Amino acid sequence: MEAMRDQEAVRRASYDFWLILATVVVLFAISAISIGAMFAFKWAAVDQMAPAMKAAYMERMNRIVAPFVVVLVVLLGICIPKRLLPVRWLNRFAAFLLVLAAIATAWQGVRLGLFVVVAISFVLQLVVLVMALAGSRRLYFIHAGYWLRVGSSLLHLGLVLFLLDLFLFRLPTVHLALFWCTTLTTVTGMICCFWSSAVAGAVRRLSLRRKGNGAY
């Protein structure tokens with residue numbers, strides 16, 4: 001049993017490494033395209049062109065960056081369930097997610113395909129957050145600290161909410177709610193991750209204070 005757990009840990013570490021590497025490569029490509037597009041915009045004086053030419057330039061840049069954004073969303077969809085599933089099931093889930101996204105894309109276009117991936121990621125990340133708050137030991141985390149797990153779950157949820165906001169920003173009420181939820185989860189997640197010891201100490205002192213008040 002111990003050997004099986006060690007083998008699972010090695011596989012998971014390798015899986016995490018390749019996911020992180022792929023994410024870094026994709027983010028680097030998106031950053032390079034964005035910076036290059038900015039310099040090209042200035043060099044070609046696109047801002048002085050006719051509106052139709054500006055729109056054509058923006059559409060061309062969107063087409064160039066779109067595949068990388070698609071890959072980034074898919075990587076996010078794969079990254080989140082790794083907290084819930086053993087490694088042997090992650091590839092199967094990734095294949096299922098890609099097939100589902102492909103069906104949605106063939107039906108209504110790339111936008112719906114990506115939205116399906118983000119929506120599924122949102123539901124799964126909510127499950128991860130609830131389990132982390134409950135202190136579940138069935139989640140797969142590198143670090144064992146309670147507040148580190150909660151903080152990591154909140155940060156991932158903030159990222160998913162941000163992506164959802166990109167899809168739904170045309171709905172003013174929904175956009176505003178998602179914006180503030182994204183801000184709250186991201187800031188709280190960073191506090192829990194970067195100052196986990198201070199948060200644990202503050203919660204412990206508050207609990208002791210409440211118990212002391214209850215004794216009277």
# chains A, B, ... in the order shown; residues from 1 in each chain; ligands from 1
>>> select_by_dssp(residues="stretch 36-203 of chain A", states="alpha helix (DSSP H)", output="compact mmCIF listing (two decimals) with N, CA and C atoms, in the first residue's frame")
# COMPACT_ATOMS: atom_id res chain seq x y z
N GLY A 36 4.26 41.94 -29.06
CA GLY A 36 4.55 42.16 -30.47
C GLY A 36 3.44 42.93 -31.17
N ALA A 37 2.19 42.61 -30.84
CA ALA A 37 1.06 43.32 -31.43
C ALA A 37 1.06 44.79 -31.02
N MET A 38 1.47 45.07 -29.78
CA MET A 38 1.51 46.46 -29.30
C MET A 38 2.54 47.27 -30.09
N PHE A 39 3.74 46.71 -30.28
CA PHE A 39 4.77 47.41 -31.05
C PHE A 39 4.37 47.55 -32.51
N ALA A 40 3.76 46.49 -33.07
CA ALA A 40 3.31 46.55 -34.45
C ALA A 40 2.23 47.62 -34.62
N PHE A 41 1.37 47.74 -33.62
CA PHE A 41 0.31 48.75 -33.64
C PHE A 41 0.91 50.16 -33.73
N LYS A 42 1.95 50.39 -32.90
CA LYS A 42 2.60 51.71 -32.90
C LYS A 42 3.40 51.94 -34.19
N TRP A 43 4.14 50.90 -34.61
CA TRP A 43 5.02 51.04 -35.78
C TRP A 43 4.22 51.28 -37.05
N PRO A 51 -11.35 53.30 -39.51
CA PRO A 51 -11.95 52.33 -38.57
C PRO A 51 -12.00 50.91 -39.10
N ALA A 52 -12.27 50.74 -40.38
CA ALA A 52 -12.35 49.39 -40.96
C ALA A 52 -10.99 48.69 -40.91
N MET A 53 -9.92 49.44 -41.15
CA MET A 53 -8.58 48.86 -41.11
C MET A 53 -8.17 48.54 -39.68
N LYS A 54 -8.56 49.40 -38.73
CA LYS A 54 -8.30 49.11 -37.31
C LYS A 54 -8.99 47.81 -36.90
N ALA A 55 -10.26 47.68 -37.30
CA ALA A 55 -11.02 46.47 -36.95
C ALA A 55 -10.38 45.23 -37.58
N ALA A 56 -9.89 45.36 -38.81
CA ALA A 56 -9.25 44.23 -39.48
C ALA A 56 -7.97 43.83 -38.76
N TYR A 57 -7.21 44.83 -38.29
CA TYR A 57 -5.98 44.55 -37.55
C TYR A 57 -6.29 43.81 -36.24
N MET A 58 -7.29 44.29 -35.50
CA MET A 58 -7.66 43.66 -34.24
C MET A 58 -8.16 42.24 -34.48
N GLU A 59 -8.92 42.04 -35.54
CA GLU A 59 -9.42 40.70 -35.85
C GLU A 59 -8.27 39.76 -36.19
N ARG A 60 -7.28 40.25 -36.91
CA ARG A 60 -6.11 39.43 -37.26
C ARG A 60 -5.34 39.02 -36.01
N MET A 61 -5.14 39.96 -35.11
CA MET A 61 -4.44 39.65 -33.86
C MET A 61 -5.23 38.64 -33.01
N ASN A 62 -6.56 38.79 -33.01
CA ASN A 62 -7.41 37.86 -32.27
C ASN A 62 -7.30 36.45 -32.83
N ARG A 63 -7.23 36.35 -34.16
CA ARG A 63 -7.10 35.02 -34.77
C ARG A 63 -5.76 34.38 -34.43
N ILE A 64 -4.71 35.20 -34.34
CA ILE A 64 -3.38 34.66 -34.01
C ILE A 64 -3.34 34.14 -32.58
N VAL A 65 -3.93 34.90 -31.65
CA VAL A 65 -3.83 34.53 -30.24
C VAL A 65 -4.88 33.51 -29.82
N ALA A 66 -5.95 33.37 -30.61
CA ALA A 66 -7.07 32.50 -30.23
C ALA A 66 -6.66 31.06 -29.90
N PRO A 67 -5.82 30.40 -30.73
CA PRO A 67 -5.45 29.01 -30.39
C PRO A 67 -4.77 28.88 -29.03
N PHE A 68 -3.95 29.86 -28.66
CA PHE A 68 -3.26 29.81 -27.38
C PHE A 68 -4.24 30.01 -26.22
N VAL A 69 -5.23 30.87 -26.42
CA VAL A 69 -6.26 31.06 -25.40
C VAL A 69 -7.07 29.78 -25.22
N VAL A 70 -7.37 29.11 -26.34
CA VAL A 70 -8.10 27.84 -26.28
C VAL A 70 -7.31 26.81 -25.47
N VAL A 71 -6.01 26.70 -25.76
CA VAL A 71 -5.16 25.74 -25.03
C VAL A 71 -5.09 26.10 -23.55
N LEU A 72 -5.02 27.41 -23.23
CA LEU A 72 -4.95 27.83 -21.83
C LEU A 72 -6.23 27.45 -21.08
N VAL A 73 -7.38 27.64 -21.71
CA VAL A 73 -8.64 27.27 -21.07
C VAL A 73 -8.71 25.76 -20.87
N VAL A 74 -8.26 24.98 -21.86
CA VAL A 74 -8.26 23.53 -21.73
C VAL A 74 -7.32 23.08 -20.62
N LEU A 75 -6.14 23.71 -20.54
CA LEU A 75 -5.20 23.38 -19.45
C LEU A 75 -5.82 23.66 -18.09
N LEU A 76 -6.55 24.76 -18.00
CA LEU A 76 -7.26 25.07 -16.75
C LEU A 76 -8.28 23.99 -16.44
N GLY A 77 -9.01 23.55 -17.48
CA GLY A 77 -10.00 22.50 -17.27
C GLY A 77 -9.39 21.19 -16.83
N ILE A 78 -8.13 20.95 -17.20
CA ILE A 78 -7.43 19.72 -16.78
C ILE A 78 -6.81 19.90 -15.40
N CYS A 79 -6.34 21.13 -15.12
CA CYS A 79 -5.63 21.39 -13.86
C CYS A 79 -6.54 21.25 -12.66
N VAL A 87 -4.24 10.15 -10.84
CA VAL A 87 -3.59 10.43 -12.12
C VAL A 87 -4.16 9.57 -13.25
N ARG A 88 -4.46 8.30 -12.96
CA ARG A 88 -4.92 7.40 -14.02
C ARG A 88 -6.25 7.85 -14.63
N TRP A 89 -7.01 8.68 -13.91
CA TRP A 89 -8.29 9.16 -14.41
C TRP A 89 -8.19 10.53 -15.07
N LEU A 90 -7.07 11.23 -14.88
CA LEU A 90 -6.96 12.59 -15.39
C LEU A 90 -6.93 12.62 -16.92
N ASN A 91 -6.18 11.70 -17.53
CA ASN A 91 -6.12 11.67 -18.99
C ASN A 91 -7.49 11.35 -19.59
N ARG A 92 -8.22 10.46 -18.93
CA ARG A 92 -9.57 10.13 -19.41
C ARG A 92 -10.49 11.33 -19.29
N PHE A 93 -10.38 12.03 -18.18
CA PHE A 93 -11.22 13.22 -18.01
C PHE A 93 -10.84 14.29 -19.04
N ALA A 94 -9.53 14.46 -19.28
CA ALA A 94 -9.09 15.44 -20.27
C ALA A 94 -9.64 15.11 -21.65
N ALA A 95 -9.61 13.82 -22.00
CA ALA A 95 -10.14 13.40 -23.31
C ALA A 95 -11.65 13.67 -23.38
N PHE A 96 -12.37 13.35 -22.29
CA PHE A 96 -13.81 13.61 -22.24
C PHE A 96 -14.10 15.11 -22.39
N LEU A 97 -13.30 15.95 -21.72
CA LEU A 97 -13.50 17.38 -21.77
C LEU A 97 -13.27 17.91 -23.19
N LEU A 98 -12.22 17.41 -23.85
CA LEU A 98 -11.93 17.84 -25.21
C LEU A 98 -13.03 17.42 -26.19
N VAL A 99 -13.54 16.20 -26.01
CA VAL A 99 -14.63 15.74 -26.88
C VAL A 99 -15.87 16.59 -26.67
N LEU A 100 -16.19 16.88 -25.42
CA LEU A 100 -17.36 17.70 -25.11
C LEU A 100 -17.21 19.10 -25.70
N ALA A 101 -16.01 19.68 -25.56
CA ALA A 101 -15.75 21.01 -26.12
C ALA A 101 -15.83 20.98 -27.64
N ALA A 102 -15.34 19.91 -28.25
CA ALA A 102 -15.39 19.80 -29.71
C ALA A 102 -16.83 19.70 -30.21
N ILE A 103 -17.66 18.95 -29.49
CA ILE A 103 -19.08 18.84 -29.87
C ILE A 103 -19.77 20.20 -29.77
N ALA A 104 -19.53 20.90 -28.65
CA ALA A 104 -20.13 22.23 -28.48
C ALA A 104 -19.63 23.20 -29.54
N THR A 105 -18.33 23.09 -29.90
CA THR A 105 -17.76 23.96 -30.93
C THR A 105 -18.40 23.69 -32.29
N ALA A 106 -18.55 22.41 -32.62
CA ALA A 106 -19.17 22.06 -33.90
C ALA A 106 -20.63 22.51 -33.95
N TRP A 107 -21.27 22.57 -32.80
CA TRP A 107 -22.69 22.94 -32.75
C TRP A 107 -22.89 24.44 -32.85
N GLN A 108 -22.15 25.20 -32.00
CA GLN A 108 -22.40 26.65 -31.92
C GLN A 108 -21.13 27.51 -32.02
N VAL A 110 -16.62 28.16 -31.44
CA VAL A 110 -15.55 28.04 -30.45
C VAL A 110 -15.95 28.67 -29.12
N ARG A 111 -16.69 29.77 -29.18
CA ARG A 111 -17.06 30.47 -27.94
C ARG A 111 -17.83 29.54 -27.00
N LEU A 112 -18.80 28.80 -27.54
CA LEU A 112 -19.56 27.88 -26.69
C LEU A 112 -18.69 26.74 -26.20
N GLY A 113 -17.80 26.24 -27.06
CA GLY A 113 -16.90 25.17 -26.65
C GLY A 113 -16.04 25.56 -25.47
N LEU A 114 -15.48 26.78 -25.52
CA LEU A 114 -14.68 27.27 -24.40
C LEU A 114 -15.52 27.51 -23.16
N PHE A 115 -16.73 28.03 -23.38
CA PHE A 115 -17.62 28.30 -22.24
C PHE A 115 -17.97 27.01 -21.51
N VAL A 116 -18.17 25.92 -22.25
CA VAL A 116 -18.47 24.63 -21.63
C VAL A 116 -17.31 24.19 -20.73
N VAL A 117 -16.08 24.35 -21.23
CA VAL A 117 -14.90 23.98 -20.43
C VAL A 117 -14.83 24.83 -19.16
N VAL A 118 -15.04 26.13 -19.29
CA VAL A 118 -14.96 27.03 -18.13
C VAL A 118 -16.09 26.74 -17.15
N ALA A 119 -17.30 26.47 -17.65
CA ALA A 119 -18.43 26.18 -16.77
C ALA A 119 -18.19 24.90 -15.97
N ILE A 120 -17.69 23.86 -16.63
CA ILE A 120 -17.37 22.62 -15.92
C ILE A 120 -16.27 22.86 -14.89
N SER A 121 -15.27 23.65 -15.26
CA SER A 121 -14.19 23.99 -14.33
C SER A 121 -14.72 24.73 -13.11
N PHE A 122 -15.69 25.61 -13.33
CA PHE A 122 -16.28 26.37 -12.24
C PHE A 122 -16.97 25.45 -11.24
N VAL A 123 -17.77 24.50 -11.74
CA VAL A 123 -18.48 23.56 -10.87
C VAL A 123 -17.48 22.71 -10.08
N LEU A 124 -16.46 22.19 -10.78
CA LEU A 124 -15.47 21.36 -10.11
C LEU A 124 -14.69 22.14 -9.05
N GLN A 125 -14.36 23.39 -9.37
CA GLN A 125 -13.60 24.19 -8.41
C GLN A 125 -14.43 24.54 -7.19
N LEU A 126 -15.73 24.72 -7.36
CA LEU A 126 -16.60 24.92 -6.20
C LEU A 126 -16.58 23.69 -5.30
N VAL A 127 -16.61 22.51 -5.92
CA VAL A 127 -16.54 21.26 -5.15
C VAL A 127 -15.22 21.19 -4.39
N VAL A 128 -14.12 21.53 -5.08
CA VAL A 128 -12.80 21.51 -4.44
C VAL A 128 -12.77 22.47 -3.26
N LEU A 129 -13.31 23.67 -3.43
CA LEU A 129 -13.30 24.67 -2.35
C LEU A 129 -14.10 24.19 -1.15
N VAL A 130 -15.29 23.64 -1.39
CA VAL A 130 -16.12 23.14 -0.29
C VAL A 130 -15.39 22.03 0.46
N MET A 131 -14.76 21.12 -0.28
CA MET A 131 -14.02 20.03 0.35
C MET A 131 -12.81 20.55 1.12
N ALA A 132 -12.14 21.56 0.57
CA ALA A 132 -10.98 22.14 1.27
C ALA A 132 -11.42 22.82 2.56
N LEU A 133 -12.53 23.56 2.51
CA LEU A 133 -13.05 24.21 3.71
C LEU A 133 -13.46 23.19 4.76
N TYR A 146 -3.88 23.60 6.11
CA TYR A 146 -5.30 23.84 5.85
C TYR A 146 -5.51 25.15 5.09
N TRP A 147 -4.93 26.24 5.57
CA TRP A 147 -5.16 27.53 4.94
C TRP A 147 -4.47 27.66 3.60
N LEU A 148 -3.38 26.95 3.41
CA LEU A 148 -2.75 26.91 2.09
C LEU A 148 -3.68 26.24 1.07
N ARG A 149 -4.34 25.17 1.49
CA ARG A 149 -5.28 24.48 0.61
C ARG A 149 -6.48 25.37 0.28
N VAL A 150 -7.01 26.01 1.32
CA VAL A 150 -8.16 26.91 1.10
C VAL A 150 -7.75 28.07 0.20
N GLY A 151 -6.58 28.65 0.45
CA GLY A 151 -6.11 29.77 -0.36
C GLY A 151 -5.90 29.39 -1.81
N SER A 152 -5.27 28.23 -2.05
CA SER A 152 -5.08 27.76 -3.41
C SER A 152 -6.41 27.54 -4.12
N SER A 153 -7.38 26.96 -3.41
CA SER A 153 -8.71 26.73 -3.98
C SER A 153 -9.39 28.05 -4.34
N LEU A 154 -9.24 29.06 -3.47
CA LEU A 154 -9.84 30.37 -3.73
C LEU A 154 -9.18 31.05 -4.93
N LEU A 155 -7.86 30.93 -5.04
CA LEU A 155 -7.16 31.54 -6.17
C LEU A 155 -7.60 30.92 -7.50
N HIS A 156 -7.71 29.59 -7.52
CA HIS A 156 -8.17 28.92 -8.74
C HIS A 156 -9.62 29.32 -9.06
N LEU A 157 -10.45 29.42 -8.02
CA LEU A 157 -11.83 29.84 -8.25
C LEU A 157 -11.88 31.27 -8.81
N GLY A 158 -11.02 32.14 -8.30
CA GLY A 158 -10.95 33.50 -8.81
C GLY A 158 -10.58 33.54 -10.28
N LEU A 159 -9.64 32.67 -10.70
CA LEU A 159 -9.25 32.60 -12.10
C LEU A 159 -10.41 32.14 -12.98
N VAL A 160 -11.14 31.13 -12.51
CA VAL A 160 -12.29 30.63 -13.28
C VAL A 160 -13.38 31.70 -13.37
N LEU A 161 -13.63 32.40 -12.26
CA LEU A 161 -14.63 33.48 -12.28
C LEU A 161 -14.22 34.60 -13.24
N PHE A 162 -12.92 34.89 -13.29
CA PHE A 162 -12.43 35.89 -14.23
C PHE A 162 -12.72 35.48 -15.67
N LEU A 163 -12.48 34.22 -15.99
CA LEU A 163 -12.76 33.73 -17.34
C LEU A 163 -14.26 33.75 -17.64
N LEU A 164 -15.06 33.39 -16.65
CA LEU A 164 -16.51 33.47 -16.83
C LEU A 164 -16.94 34.91 -17.11
N ASP A 165 -16.31 35.84 -16.42
CA ASP A 165 -16.63 37.25 -16.61
C ASP A 165 -16.32 37.70 -18.03
N LEU A 166 -15.25 37.16 -18.62
CA LEU A 166 -14.92 37.50 -20.00
C LEU A 166 -16.02 37.05 -20.96
N PHE A 167 -16.65 35.92 -20.64
CA PHE A 167 -17.72 35.42 -21.49
C PHE A 167 -19.03 36.18 -21.29
N LEU A 168 -19.27 36.65 -20.06
CA LEU A 168 -20.58 37.20 -19.71
C LEU A 168 -20.56 38.70 -19.43
N PRO A 172 -24.67 43.32 -17.74
CA PRO A 172 -24.13 44.25 -16.71
C PRO A 172 -24.25 43.73 -15.29
N THR A 173 -25.42 43.20 -14.91
CA THR A 173 -25.60 42.74 -13.53
C THR A 173 -24.71 41.54 -13.23
N VAL A 174 -24.68 40.59 -14.15
CA VAL A 174 -23.84 39.40 -13.98
C VAL A 174 -22.37 39.79 -13.97
N HIS A 175 -21.98 40.69 -14.87
CA HIS A 175 -20.59 41.14 -14.94
C HIS A 175 -20.15 41.77 -13.62
N LEU A 176 -21.00 42.63 -13.05
CA LEU A 176 -20.65 43.30 -11.79
C LEU A 176 -20.50 42.28 -10.66
N ALA A 177 -21.43 41.33 -10.59
CA ALA A 177 -21.36 40.30 -9.54
C ALA A 177 -20.10 39.45 -9.69
N LEU A 178 -19.80 39.04 -10.93
CA LEU A 178 -18.60 38.22 -11.17
C LEU A 178 -17.32 39.01 -10.87
N PHE A 179 -17.33 40.29 -11.19
CA PHE A 179 -16.16 41.13 -10.92
C PHE A 179 -15.84 41.16 -9.43
N TRP A 180 -16.84 41.42 -8.61
CA TRP A 180 -16.60 41.52 -7.17
C TRP A 180 -16.31 40.15 -6.56
N CYS A 181 -16.95 39.10 -7.07
CA CYS A 181 -16.64 37.75 -6.58
C CYS A 181 -15.21 37.37 -6.94
N THR A 182 -14.78 37.74 -8.15
CA THR A 182 -13.39 37.48 -8.56
C THR A 182 -12.41 38.21 -7.66
N THR A 183 -12.70 39.49 -7.39
CA THR A 183 -11.82 40.28 -6.53
C THR A 183 -11.75 39.69 -5.12
N LEU A 184 -12.91 39.34 -4.56
CA LEU A 184 -12.97 38.82 -3.20
C LEU A 184 -12.22 37.49 -3.07
N THR A 185 -12.49 36.55 -3.99
CA THR A 185 -11.85 35.24 -3.91
C THR A 185 -10.35 35.33 -4.15
N THR A 186 -9.93 36.18 -5.08
CA THR A 186 -8.51 36.30 -5.39
C THR A 186 -7.74 36.92 -4.23
N VAL A 187 -8.24 38.02 -3.69
CA VAL A 187 -7.56 38.69 -2.57
C VAL A 187 -7.53 37.78 -1.34
N THR A 188 -8.68 37.16 -1.03
CA THR A 188 -8.73 36.25 0.12
C THR A 188 -7.80 35.07 -0.08
N GLY A 189 -7.77 34.54 -1.30
CA GLY A 189 -6.88 33.42 -1.60
C GLY A 189 -5.42 33.78 -1.41
N MET A 190 -5.03 34.98 -1.86
CA MET A 190 -3.63 35.41 -1.69
C MET A 190 -3.29 35.58 -0.22
N ILE A 191 -4.21 36.15 0.56
CA ILE A 191 -3.96 36.31 2.00
C ILE A 191 -3.76 34.94 2.66
N CYS A 192 -4.64 33.99 2.33
CA CYS A 192 -4.56 32.65 2.93
C CYS A 192 -3.28 31.92 2.52
N CYS A 193 -2.82 32.15 1.28
CA CYS A 193 -1.61 31.47 0.81
C CYS A 193 -0.34 32.12 1.35
N PHE A 194 -0.24 33.45 1.22
CA PHE A 194 0.99 34.14 1.58
C PHE A 194 1.17 34.32 3.08
N SER A 196 -0.49 32.28 5.57
CA SER A 196 -1.26 31.17 6.14
C SER A 196 -1.03 31.03 7.64
N SER A 197 0.21 31.23 8.09
CA SER A 197 0.51 31.10 9.52
C SER A 197 -0.20 32.19 10.32
N ALA A 198 -0.19 33.41 9.79
CA ALA A 198 -0.86 34.52 10.48
C ALA A 198 -2.37 34.31 10.52
N VAL A 199 -2.93 33.80 9.42
CA VAL A 199 -4.38 33.53 9.38
C VAL A 199 -4.73 32.45 10.39
N ALA A 200 -3.93 31.38 10.44
CA ALA A 200 -4.18 30.29 11.39
C ALA A 200 -4.10 30.80 12.82
N GLY A 201 -3.11 31.64 13.10
CA GLY A 201 -2.98 32.20 14.44
C GLY A 201 -4.15 33.10 14.81
N ALA A 202 -4.60 33.92 13.86
CA ALA A 202 -5.73 34.82 14.12
C ALA A 202 -7.01 34.03 14.38
N VAL A 203 -7.23 32.98 13.59
CA VAL A 203 -8.42 32.14 13.78
C VAL A 203 -8.35 31.43 15.13
>>> closest_residue(among="A:Ile80, A:Gln48, A:Arg138, A:Ser31", to="A:Asp16", atoms="only C-alpha atoms")
A:Ile80
